[in-house]
Amino acid sequence: MVEVVALIVALAIGFTPIHTHGVTLDMPVGWHVAHDAHGYCDPQRLLVVSSGPIRHAKNGNIAAPARGDVIVAVLEDHAFKPAGDLRRPSHFAIRWNSTREIAPCCGTPDGPASMHWFKQDGRYIGFIVYIGRGVPAARRAATEHMVDSLWLA
């Protein structure tokens with residue numbers, strides 16, 4: 001029942017399709033996006049979507065999300081080939097309350113996050129959801145809808 005309510009809230013927000021680097025996703029209206037890849041780095045950062053303004057830390061990396069905000073970094077791995085079950089699920093389970101620290105890489109933020117990888121058409125695509133404190137239910141639902149919409153174009 002909670003998932004149905006969350007989906008209704010997410011759909012009420014509205015989404016804008018984003019197409020870049022051969023991937024497509026539905027970004028919630030009013031969110032911010034950066035399409036730039038971060039130089040030569042692997043995994044390659046394809047895009048960053050944030051519920052708040054995209055800020056940069058003094059070291060040049062994207063700053064961690066502010067309270068109540070979410071940042072999603074979409075990546076492509078060319079060299080290291082992620083391990084584990086790489087089948088793309090119909091729904092990605094974001095671990096909102098069980099995050100882990102993921103070291104910044106290729107300009108990504110530093111902070112608690114939930115990471116997911118899948119293989120499609122010979123490409124290794126992943127995303128990291130960086131979670132600020134106190135993310136409201138509607139923003140969580142919008143994030144889940146967005147990552148579930150992630151496909152190769």
# chains A, B, ... in the order shown; residues from 1 in each chain; ligands from 1
$ residues_around --residues "A:Gly111" --least-positions-apart "6" --cutoff "9 Å" --atoms "only C-alpha atoms" --output "PDB file with N, CA and C atoms, in the first residue's frame"
ATOM      1  N   ALA A  64      28.110  17.064  -1.140  1.00  0.00           N
ATOM      2  CA  ALA A  64      27.074  16.174  -0.633  1.00  0.00           C
ATOM      3  C   ALA A  64      25.734  16.906  -0.621  1.00  0.00           C
ATOM      4  N   PRO A  65      24.639  16.162  -0.692  1.00  0.00           N
ATOM      5  CA  PRO A  65      23.323  16.818  -0.708  1.00  0.00           C
ATOM      6  C   PRO A  65      23.019  17.521   0.613  1.00  0.00           C
ATOM      7  N   ARG A 100      25.671   3.245   2.850  1.00  0.00           N
ATOM      8  CA  ARG A 100      27.085   3.020   3.182  1.00  0.00           C
ATOM      9  C   ARG A 100      27.897   4.170   2.637  1.00  0.00           C
ATOM     10  N   GLU A 101      29.048   4.357   3.223  1.00  0.00           N
ATOM     11  CA  GLU A 101      29.949   5.400   2.743  1.00  0.00           C
ATOM     12  C   GLU A 101      30.613   4.907   1.462  1.00  0.00           C
ATOM     13  N   ILE A 102      30.516   5.710   0.415  1.00  0.00           N
ATOM     14  CA  ILE A 102      31.156   5.377  -0.858  1.00  0.00           C
ATOM     15  C   ILE A 102      32.185   6.468  -1.118  1.00  0.00           C
ATOM     16  N   ALA A 103      33.444   6.066  -1.241  1.00  0.00           N
ATOM     17  CA  ALA A 103      34.515   7.041  -1.446  1.00  0.00           C
ATOM     18  C   ALA A 103      34.269   7.823  -2.727  1.00  0.00           C
ATOM     19  N   PRO A 104      34.518   9.129  -2.699  1.00  0.00           N
ATOM     20  CA  PRO A 104      34.326   9.920  -3.913  1.00  0.00           C
ATOM     21  C   PRO A 104      35.236   9.426  -5.033  1.00  0.00           C
ATOM     22  N   TYR A 130      22.910   9.564  -3.448  1.00  0.00           N
ATOM     23  CA  TYR A 130      23.435  10.210  -2.241  1.00  0.00           C
ATOM     24  C   TYR A 130      22.254  10.829  -1.512  1.00  0.00           C
ATOM     25  N   ILE A 131      22.138  10.517  -0.239  1.00  0.00           N
ATOM     26  CA  ILE A 131      20.935  10.839   0.510  1.00  0.00           C
ATOM     27  C   ILE A 131      21.241  11.830   1.629  1.00  0.00           C
ATOM     28  N   GLY A 132      20.633  13.004   1.540  1.00  0.00           N
ATOM     29  CA  GLY A 132      20.742  13.968   2.632  1.00  0.00           C
ATOM     30  C   GLY A 132      19.881  13.518   3.803  1.00  0.00           C
TER      31      GLY A 132
END
$ residues_around --residues "stretch 42-57 of chain A" --least-positions-apart "3" --cutoff "6 Å" --atoms "only C-alpha atoms" --output "NGL selection string"
:A and (31-35 or 37 or 60-63 or 69-77)
$ atom_distance --atom1 "atom CA of A:Arg140" --atom2 "atom CA of A:Leu25"
15.9 Å
$ closest_residue --among "A:Leu150, A:Phe15, A:Pro89, A:Ala142" --to "A:Val29" --atoms "only C-alpha atoms"
A:Phe15
$ atom_distance --atom1 "atom CA of A:Arg88" --atom2 "atom CA of A:Pro109"
24.4 Å
$ closest_residue --among "A:Cys106, A:Ala66, A:Pro82, A:Arg95" --to "A:Tyr40" --atoms "only C-alpha atoms"
A:Cys106
$ select_by_dssp --residues "chain A" --states "alpha helix (DSSP H)" --output "MDAnalysis selection string"
chainID A and resid 2:13 137:148
$ closest_residue --among "A:Ser149, A:Ser98, A:Thr143, A:Ser114" --to "A:Val23" --atoms "only C-alpha atoms"
A:Ser149
$ atom_distance --atom1 "atom CA of A:Met146" --atom2 "atom CA of A:Cys41"
24.6 Å
$ closest_residue --among "A:Arg133, A:Thr24, A:Lys81, A:Tyr124" --to "A:Thr99" --atoms "only C-alpha atoms"
A:Arg133
$ closest_residue --among "A:Met115, A:Ala83, A:Ile94, A:Ile125" --to "A:Ala141" --atoms "only C-alpha atoms"
A:Ile94
$ select_by_dssp --residues "stretch 35-112 of chain A" --states "strand (DSSP E or B)" --output "list in words"
Gln44, Arg45, Leu46, Leu47, Val48, Val49, Ser50, His56, Ile62, Val70, Ile71, Val72, Ala73, Val74, Leu75, Glu76, Asp77, Arg100, Glu101, Ile102, Gly111 and Pro112 of chain A
